Amino acid sequence: MVDAKGRNMKCLTFFLMLPDSVKSKSSKSSKKGNASGSSKLPPVCYEIITLRSKKKKKMSAEIFPTKKPASPTTTTTTTVQEYQQQNLNNNNTIQNCNWQGLYSTIRERNSVMFNNELMADVHFVMGQPGRTQRLPGHRYVLAVGSSVFHAMFYGELAENKDEIHIPDVEPAAFLAMLKYIYCDEIDLTADTVLATLYAAKKYIVPHLARACVNFLETSLSAKNACVLLSQSCLFEEPELTQRCWEVIDAQAELALRSEGFCDIDSQTLESILQRETLNAKEIVVFEAALSWAEAECQRQELISSTDNKRRVLGKAMYLIRIPTMALDDFANGAAQSGVLTLNETNDIFLWYTAAKKPELKFASQPRKGLTPQRCHRFQSCAYRSNQWRYRGRCDSIQFAVDKRVFIAGFGLYGSSCGSAEYSAKIELKRQGVLLGQNLNKYFSDGSSNTFPVWFEYPVQIEPDTFYTASVVLDGNELSYFGQEGMTEVQCGKVTFQFQCSSDSTNGTGVQGGQIPELIFYA
């Protein structure tokens with residue numbers, strides 16, 4: 001596997017470039033009738049496969065396919081899935097001498113050969129010395145599935161080795177790639193997907209690589225966004241990089257405090273620290289940088305002293321906008337951390353207090369952060385002498401989006417009888433599971449405006465799934481309420497859909513009530 005600093009990239013580049021050069025030479029030699037040339041299946045074979053296939057053709061890039069039963073004409077209980085499971089366990093025994101007759105399609109028969117010693121004409125020794133695993137392969141099948149394998153086995157520069165050592169690919173990842181090549185199935189897990197992506201890139205298996213990226217995008221969260229950002233840059237996946245930045249920007253404090261942040265390389269650290277749209281307090285950025293520095297000291301086998309932390313941070317230290325911290329945060333945090341020199345500490349204190357401010361190496365302009373957007377679901381609002389009352393009951397609405405967003409809070413109506421203060425308990429759930437909650441107070445000025453109530457951290461919302469937004473208010477019994485509600489609202493590039501919630505016990509629904517606005521980042 002590739003480390004965070006990009007080692008083994010030379011090997012990756014070699015294999016990525018090899019097929020094109022070999023392909024041109026191979027095509028020339030085939031025209032000359034190369035005596036040792038590669039074998040080709042006659043076209044009639046493809047016609048026979050097409051005519052005999054009784055099943056609907058399956059797209060090769062389909063992710064997470066459901067298990068298919070054996071052909072209806074098969075009377076035995078042995079299935080191709082059982083053979084695959086045996087092969088995953090390296091139990092490569094085929095009991096039936098006429099196993100070919102058990103399966104109606106070439107795809108099923110080919111699957112039996114996955115990780116099978118039967119007719120294997122090449123072996124791969126995977127992993128680092130001391131932790132290797134020997135896997136069987138079949139040159140023809142591998143060459144059909146990968147141009148790199150074709151160049152290795154049938155190109156003009158092909159080597160006739162029976163055993164090939166591949167120390168930079170994990171055995172589990174190589175098996176996942178072989179399963180795709182042999183069985184046309186994609187089997188990914190959170191533990192192996194990055195290593196599988198590396199293998200797919202190295203051996204130029206683009207559909208598998210795309211499936212890995214899709215898997216990573218689906219499982220992307222604040223906990224793994226920084227690590228995936230580092231890997232996406234390494235693998236040159238710009239779409240995944242952009243998705244990572246969206247999560248890091250919106251949920252910056254969660255991302256910076258995640259364990260994965262300490263595992264990133266120095267280049268990725270610098271790109272995060274200089275990010276203008278980072279939605280976080282600067283003291284959180286500073287503490288995250290110190291945590292990274294401590295981890296880096298351990299990686300370099302250095303004592304975790306303040307001097308060593310400062311040394312491994314290097315120029316990244318000046319990307320932290322220390323002068324933009326609140327004075328209390330600086331005095332109680334950064335100033336006492338020990339990583340700043342005495343002159344730096346004095347100059348920053350003067351920056352806060354003196355009329356003539358000293359020159360600093362640290363950036364002094366606050367980050368712009370993200371601008372919150374508002375989805376307003378009512379076309380008008382009103383008030384009546386007997387509405388809207390609050391007696392500890394819940395106002396709730398369900399919503400769904402067509403793109404990933406981050407809900408930062410709700411906009412709520414206030415008192416219709418002059419100025420008043422409300423206590424609001426807000427919650428966000430998905431299928432009954434609590435994703436975020438907060439207890440806040442807000443002051444309303446008696447107008448029909450909405451007033452924001454925020455979650456502690458923005459909550460990640462996935463597309464095409466309904467979420468439940470709820471609030472329990474305590475305060476002036478009479479307030480404004482929305483009416484002429486819409487079931488669908490377009491906000492920029494995001495479409496919101498609304499439906500009534502069974503949790504609502506105070507009358508809020510699609511047509512009217514509370515929670516007029518959802519405040520979000522996109």
# chains A, B, ... in the order shown; residues from 1 in each chain; ligands from 1
$ select_by_dssp --residues "stretch 88-312 of chain A" --states "strand (DSSP E or B)" --output "count of residues only"
14
$ residues_around --residues "A:Arg210" --least-positions-apart "3" --cutoff "10 Å" --atoms "only C-alpha atoms" --output "list of chain:residue names"
A:Ala61, A:Ile63, A:Leu197, A:Ala200, A:Lys201, A:Val205, A:Pro206, A:His207, A:Val213, A:Asn214, A:Phe215, A:Leu216, A:Glu237
$ write_last_selection --atoms "N, CA, C and O atoms" --output "PDB file, in the first residue's frame"
ATOM      1  N   ALA A  61     -19.566  -2.873 -14.402  1.00  0.00           N
ATOM      2  CA  ALA A  61     -19.197  -1.905 -13.357  1.00  0.00           C
ATOM      3  C   ALA A  61     -20.235  -1.802 -12.261  1.00  0.00           C
ATOM      4  O   ALA A  61     -20.200  -0.899 -11.451  1.00  0.00           O
ATOM      5  N   ILE A  63     -22.079  -2.103  -8.884  1.00  0.00           N
ATOM      6  CA  ILE A  63     -21.497  -2.225  -7.548  1.00  0.00           C
ATOM      7  C   ILE A  63     -22.415  -3.032  -6.650  1.00  0.00           C
ATOM      8  O   ILE A  63     -23.629  -2.920  -6.706  1.00  0.00           O
ATOM      9  N   LEU A 197      -8.344   0.343  -4.483  1.00  0.00           N
ATOM     10  CA  LEU A 197      -8.227   1.443  -5.445  1.00  0.00           C
ATOM     11  C   LEU A 197      -6.797   1.550  -5.962  1.00  0.00           C
ATOM     12  O   LEU A 197      -6.571   1.767  -7.164  1.00  0.00           O
ATOM     13  N   ALA A 200      -6.302  -1.270  -8.425  1.00  0.00           N
ATOM     14  CA  ALA A 200      -7.039  -1.022  -9.670  1.00  0.00           C
ATOM     15  C   ALA A 200      -6.354   0.048 -10.517  1.00  0.00           C
ATOM     16  O   ALA A 200      -6.334  -0.035 -11.753  1.00  0.00           O
ATOM     17  N   LYS A 201      -5.788   1.055  -9.861  1.00  0.00           N
ATOM     18  CA  LYS A 201      -5.060   2.086 -10.592  1.00  0.00           C
ATOM     19  C   LYS A 201      -3.763   1.520 -11.178  1.00  0.00           C
ATOM     20  O   LYS A 201      -3.398   1.810 -12.323  1.00  0.00           O
ATOM     21  N   VAL A 205      -7.525  -1.039 -14.155  1.00  0.00           N
ATOM     22  CA  VAL A 205      -8.854  -1.665 -14.177  1.00  0.00           C
ATOM     23  C   VAL A 205      -9.842  -0.542 -13.854  1.00  0.00           C
ATOM     24  O   VAL A 205     -10.246  -0.367 -12.698  1.00  0.00           O
ATOM     25  N   PRO A 206     -10.218   0.271 -14.844  1.00  0.00           N
ATOM     26  CA  PRO A 206     -10.908   1.546 -14.574  1.00  0.00           C
ATOM     27  C   PRO A 206     -12.282   1.403 -13.929  1.00  0.00           C
ATOM     28  O   PRO A 206     -12.658   2.227 -13.101  1.00  0.00           O
ATOM     29  N   HIS A 207     -13.060   0.385 -14.317  1.00  0.00           N
ATOM     30  CA  HIS A 207     -14.393   0.246 -13.739  1.00  0.00           C
ATOM     31  C   HIS A 207     -14.314  -0.085 -12.251  1.00  0.00           C
ATOM     32  O   HIS A 207     -15.118   0.406 -11.453  1.00  0.00           O
ATOM     33  N   VAL A 213     -14.028   4.597  -5.904  1.00  0.00           N
ATOM     34  CA  VAL A 213     -14.246   6.019  -5.654  1.00  0.00           C
ATOM     35  C   VAL A 213     -15.692   6.264  -5.229  1.00  0.00           C
ATOM     36  O   VAL A 213     -15.962   7.035  -4.294  1.00  0.00           O
ATOM     37  N   ASN A 214     -16.634   5.605  -5.889  1.00  0.00           N
ATOM     38  CA  ASN A 214     -18.043   5.744  -5.501  1.00  0.00           C
ATOM     39  C   ASN A 214     -18.278   5.265  -4.076  1.00  0.00           C
ATOM     40  O   ASN A 214     -19.034   5.872  -3.309  1.00  0.00           O
ATOM     41  N   PHE A 215     -17.641   4.159  -3.725  1.00  0.00           N
ATOM     42  CA  PHE A 215     -17.754   3.629  -2.372  1.00  0.00           C
ATOM     43  C   PHE A 215     -17.220   4.646  -1.361  1.00  0.00           C
ATOM     44  O   PHE A 215     -17.838   4.891  -0.306  1.00  0.00           O
ATOM     45  N   LEU A 216     -16.079   5.249  -1.664  1.00  0.00           N
ATOM     46  CA  LEU A 216     -15.478   6.225  -0.758  1.00  0.00           C
ATOM     47  C   LEU A 216     -16.347   7.465  -0.627  1.00  0.00           C
ATOM     48  O   LEU A 216     -16.503   8.016   0.468  1.00  0.00           O
ATOM     49  N   GLU A 237      -7.843  11.810  -8.160  1.00  0.00           N
ATOM     50  CA  GLU A 237      -9.293  11.698  -8.306  1.00  0.00           C
ATOM     51  C   GLU A 237      -9.919  13.039  -7.924  1.00  0.00           C
ATOM     52  O   GLU A 237     -10.287  13.278  -6.765  1.00  0.00           O
TER      53      GLU A 237
END
$ residues_around --residues "A:Thr345" --least-positions-apart "3" --cutoff "12 Å" --atoms "only C-alpha atoms" --output "number ranges by chain"
A: 322-323, 330-331, 333-342, 348-352, 358, 360-362
$ select_by_dssp --residues "stretch 105-287 of chain A" --states "helix (DSSP H, G or I)" --output "JSON, numbers by chain"
{"A": [106, 107, 108, 109, 110, 111, 112, 139, 140, 141, 142, 143, 144, 145, 147, 148, 149, 150, 151, 152, 153, 154, 171, 172, 173, 174, 175, 176, 177, 178, 179, 180, 181, 182, 183, 193, 194, 195, 196, 197, 198, 199, 200, 201, 202, 206, 207, 208, 209, 210, 211, 212, 213, 214, 215, 216, 217, 218, 225, 226, 227, 228, 229, 230, 231, 232, 233, 234, 238, 239, 240, 241, 242, 243, 244, 245, 246, 247, 248, 249, 250, 252, 253, 254, 255, 256, 259, 260, 261, 262, 263, 266, 267, 268, 269, 270, 271, 272, 273, 282, 283, 284, 285, 286, 287]}
$ write_last_selection --atoms "C-alpha atoms" --output "mmCIF file, in the first residue's frame"
data_model
loop_
_atom_site.group_PDB
_atom_site.id
_atom_site.type_symbol
_atom_site.label_atom_id
_atom_site.label_comp_id
_atom_site.auth_asym_id
_atom_site.auth_seq_id
_atom_site.Cartn_x
_atom_site.Cartn_y
_atom_site.Cartn_z
ATOM 1 C CA ILE A 106 -18.979 -18.563 -19.335
ATOM 2 C CA ARG A 107 -19.169 -16.021 -16.515
ATOM 3 C CA GLU A 108 -20.133 -18.696 -13.984
ATOM 4 C CA ARG A 109 -17.540 -21.157 -15.252
ATOM 5 C CA ASN A 110 -14.892 -18.452 -15.199
ATOM 6 C CA SER A 111 -15.815 -17.634 -11.593
ATOM 7 C CA VAL A 112 -14.869 -21.162 -10.510
ATOM 8 C CA ARG A 139 -2.595 -15.598 -17.659
ATOM 9 C CA TYR A 140 -5.331 -15.519 -20.278
ATOM 10 C CA VAL A 141 -8.047 -14.406 -17.861
ATOM 11 C CA LEU A 142 -5.826 -11.752 -16.310
ATOM 12 C CA ALA A 143 -4.754 -10.418 -19.717
ATOM 13 C CA VAL A 144 -8.382 -10.085 -20.791
ATOM 14 C CA GLY A 145 -9.153 -8.073 -17.640
ATOM 15 C CA SER A 147 -3.909 -4.179 -20.210
ATOM 16 C CA VAL A 148 -1.045 -4.249 -17.699
ATOM 17 C CA PHE A 149 -1.359 -8.012 -17.288
ATOM 18 C CA HIS A 150 -1.598 -8.363 -21.072
ATOM 19 C CA ALA A 151 1.696 -6.512 -21.430
ATOM 20 C CA MET A 152 3.275 -8.583 -18.642
ATOM 21 C CA PHE A 153 2.294 -11.942 -20.118
ATOM 22 C CA TYR A 154 1.882 -11.467 -23.882
ATOM 23 C CA PRO A 171 -3.293 -9.596 -0.508
ATOM 24 C CA ALA A 172 -6.920 -8.710 0.341
ATOM 25 C CA ALA A 173 -6.908 -5.879 -2.202
ATOM 26 C CA PHE A 174 -5.361 -8.059 -4.910
ATOM 27 C CA LEU A 175 -7.991 -10.733 -4.229
ATOM 28 C CA ALA A 176 -10.735 -8.109 -4.570
ATOM 29 C CA MET A 177 -9.315 -7.118 -7.959
ATOM 30 C CA LEU A 178 -9.031 -10.759 -9.066
ATOM 31 C CA LYS A 179 -12.630 -11.357 -8.027
ATOM 32 C CA TYR A 180 -13.697 -8.514 -10.290
ATOM 33 C CA ILE A 181 -11.603 -9.812 -13.212
ATOM 34 C CA TYR A 182 -12.719 -13.437 -12.834
ATOM 35 C CA CYS A 183 -16.270 -13.091 -11.531
ATOM 36 C CA VAL A 193 -11.238 -0.071 -0.423
ATOM 37 C CA LEU A 194 -8.193 2.246 -0.485
ATOM 38 C CA ALA A 195 -5.798 -0.628 -1.098
ATOM 39 C CA THR A 196 -8.143 -1.968 -3.788
ATOM 40 C CA LEU A 197 -8.227 1.443 -5.445
ATOM 41 C CA TYR A 198 -4.427 1.430 -5.498
ATOM 42 C CA ALA A 199 -4.389 -2.021 -7.117
ATOM 43 C CA ALA A 200 -7.039 -1.022 -9.670
ATOM 44 C CA LYS A 201 -5.060 2.086 -10.592
ATOM 45 C CA LYS A 202 -1.792 0.186 -10.816
ATOM 46 C CA PRO A 206 -10.908 1.546 -14.574
ATOM 47 C CA HIS A 207 -14.393 0.246 -13.739
ATOM 48 C CA LEU A 208 -13.174 -1.198 -10.454
ATOM 49 C CA ALA A 209 -11.345 2.047 -9.680
ATOM 50 C CA ARG A 210 -14.550 4.009 -10.336
ATOM 51 C CA ALA A 211 -16.477 1.675 -8.024
ATOM 52 C CA CYS A 212 -13.887 2.253 -5.289
ATOM 53 C CA VAL A 213 -14.246 6.019 -5.654
ATOM 54 C CA ASN A 214 -18.043 5.744 -5.501
ATOM 55 C CA PHE A 215 -17.754 3.629 -2.372
ATOM 56 C CA LEU A 216 -15.478 6.225 -0.758
ATOM 57 C CA GLU A 217 -17.799 9.086 -1.678
ATOM 58 C CA THR A 218 -20.754 7.237 -0.162
ATOM 59 C CA ALA A 225 -12.425 13.173 5.138
ATOM 60 C CA CYS A 226 -8.842 14.325 5.841
ATOM 61 C CA VAL A 227 -7.332 10.902 5.152
ATOM 62 C CA LEU A 228 -9.378 10.497 1.980
ATOM 63 C CA LEU A 229 -8.349 13.988 0.877
ATOM 64 C CA SER A 230 -4.710 12.923 1.104
ATOM 65 C CA GLN A 231 -5.371 9.691 -0.809
ATOM 66 C CA SER A 232 -7.568 11.322 -3.461
ATOM 67 C CA CYS A 233 -4.744 13.713 -4.341
ATOM 68 C CA LEU A 234 -2.333 10.782 -4.522
ATOM 69 C CA PRO A 238 -10.497 15.330 -8.519
ATOM 70 C CA GLU A 239 -14.176 14.526 -7.899
ATOM 71 C CA LEU A 240 -13.367 12.706 -4.678
ATOM 72 C CA THR A 241 -11.041 15.553 -3.673
ATOM 73 C CA GLN A 242 -13.883 18.050 -4.142
ATOM 74 C CA ARG A 243 -16.263 15.907 -2.035
ATOM 75 C CA CYS A 244 -13.637 15.750 0.721
ATOM 76 C CA TRP A 245 -13.261 19.526 0.731
ATOM 77 C CA GLU A 246 -17.031 19.963 1.009
ATOM 78 C CA VAL A 247 -17.101 17.835 4.161
ATOM 79 C CA ILE A 248 -13.967 19.402 5.662
ATOM 80 C CA ASP A 249 -15.212 22.947 5.058
ATOM 81 C CA ALA A 250 -18.696 22.367 6.486
ATOM 82 C CA ALA A 252 -14.238 21.543 9.946
ATOM 83 C CA GLU A 253 -14.089 21.207 13.728
ATOM 84 C CA LEU A 254 -15.179 17.560 13.622
ATOM 85 C CA ALA A 255 -12.702 16.806 10.833
ATOM 86 C CA LEU A 256 -9.815 18.532 12.612
ATOM 87 C CA GLU A 259 -8.057 10.618 14.569
ATOM 88 C CA GLY A 260 -7.527 10.514 10.825
ATOM 89 C CA PHE A 261 -6.338 14.127 10.778
ATOM 90 C CA CYS A 262 -3.130 13.098 12.570
ATOM 91 C CA ASP A 263 -2.377 10.537 9.825
ATOM 92 C CA SER A 266 2.587 17.441 5.629
ATOM 93 C CA GLN A 267 1.467 18.657 2.201
ATOM 94 C CA THR A 268 -2.168 17.873 2.977
ATOM 95 C CA LEU A 269 -1.764 19.528 6.391
ATOM 96 C CA GLU A 270 -0.617 22.741 4.762
ATOM 97 C CA SER A 271 -3.464 22.708 2.246
ATOM 98 C CA ILE A 272 -5.996 22.382 5.092
ATOM 99 C CA LEU A 273 -4.396 25.045 7.322
ATOM 100 C CA GLU A 282 -8.853 29.267 15.033
ATOM 101 C CA ILE A 283 -8.091 27.758 18.444
ATOM 102 C CA VAL A 284 -9.444 24.431 17.118
ATOM 103 C CA VAL A 285 -7.151 24.731 14.096
ATOM 104 C CA PHE A 286 -4.198 25.421 16.407
ATOM 105 C CA GLU A 287 -4.934 22.449 18.683
#
$ residues_around --residues "stretch 114-124 of chain A" --least-positions-apart "5" --cutoff "6 Å" --atoms "only C-alpha atoms" --output "list in words"
Asn87, Asn92, Arg134, Leu135, Pro136, Gly137, His138, Asp162, Glu163, Ile164, His165 and Tyr182 of chain A
$ residues_around --residues "stretch 499-508 of chain A" --least-positions-apart "2" --cutoff "12 Å" --atoms "only C-alpha atoms" --output "MDAnalysis selection string"
chainID A and resid 377:378 387:400 427:432 465:473 481:483 485:489 496:497 510:516
$ residues_around --residues "A:Ser416" --least-positions-apart "4" --cutoff "12 Å" --atoms "only C-alpha atoms" --output "VMD selection string"
chain A and resid 381 to 389 420 to 421 444 to 450 475 to 481
$ write_last_selection --atoms "C-alpha atoms" --output "PDB file, in the first residue's frame"
ATOM      1  CA  CYS A 381     -46.966  33.698   7.643  1.00  0.00           C
ATOM      2  CA  ALA A 382     -49.725  34.885   9.966  1.00  0.00           C
ATOM      3  CA  TYR A 383     -50.852  35.084  13.588  1.00  0.00           C
ATOM      4  CA  ARG A 384     -54.177  34.661  15.315  1.00  0.00           C
ATOM      5  CA  SER A 385     -55.402  35.293  18.819  1.00  0.00           C
ATOM      6  CA  ASN A 386     -55.447  31.569  19.626  1.00  0.00           C
ATOM      7  CA  GLN A 387     -52.391  30.357  17.691  1.00  0.00           C
ATOM      8  CA  TRP A 388     -49.512  29.295  17.730  1.00  0.00           C
ATOM      9  CA  ARG A 389     -49.291  27.880  21.275  1.00  0.00           C
ATOM     10  CA  ALA A 420     -40.019  37.633  23.950  1.00  0.00           C
ATOM     11  CA  GLU A 421     -37.365  35.015  24.672  1.00  0.00           C
ATOM     12  CA  SER A 444     -37.557  37.509  19.070  1.00  0.00           C
ATOM     13  CA  ASP A 445     -38.351  41.172  18.505  1.00  0.00           C
ATOM     14  CA  GLY A 446     -42.061  40.794  17.799  1.00  0.00           C
ATOM     15  CA  SER A 447     -41.633  40.804  14.018  1.00  0.00           C
ATOM     16  CA  SER A 448     -42.575  38.045  11.581  1.00  0.00           C
ATOM     17  CA  ASN A 449     -38.911  37.396  10.791  1.00  0.00           C
ATOM     18  CA  THR A 450     -37.325  34.017  11.408  1.00  0.00           C
ATOM     19  CA  GLY A 475     -41.781  30.684  25.894  1.00  0.00           C
ATOM     20  CA  ASN A 476     -44.531  33.076  24.892  1.00  0.00           C
ATOM     21  CA  GLU A 477     -47.525  30.922  23.971  1.00  0.00           C
ATOM     22  CA  LEU A 478     -48.513  32.925  20.915  1.00  0.00           C
ATOM     23  CA  SER A 479     -46.227  33.220  17.911  1.00  0.00           C
ATOM     24  CA  TYR A 480     -46.301  33.614  14.189  1.00  0.00           C
ATOM     25  CA  PHE A 481     -46.798  30.485  12.074  1.00  0.00           C
TER      26      PHE A 481
END
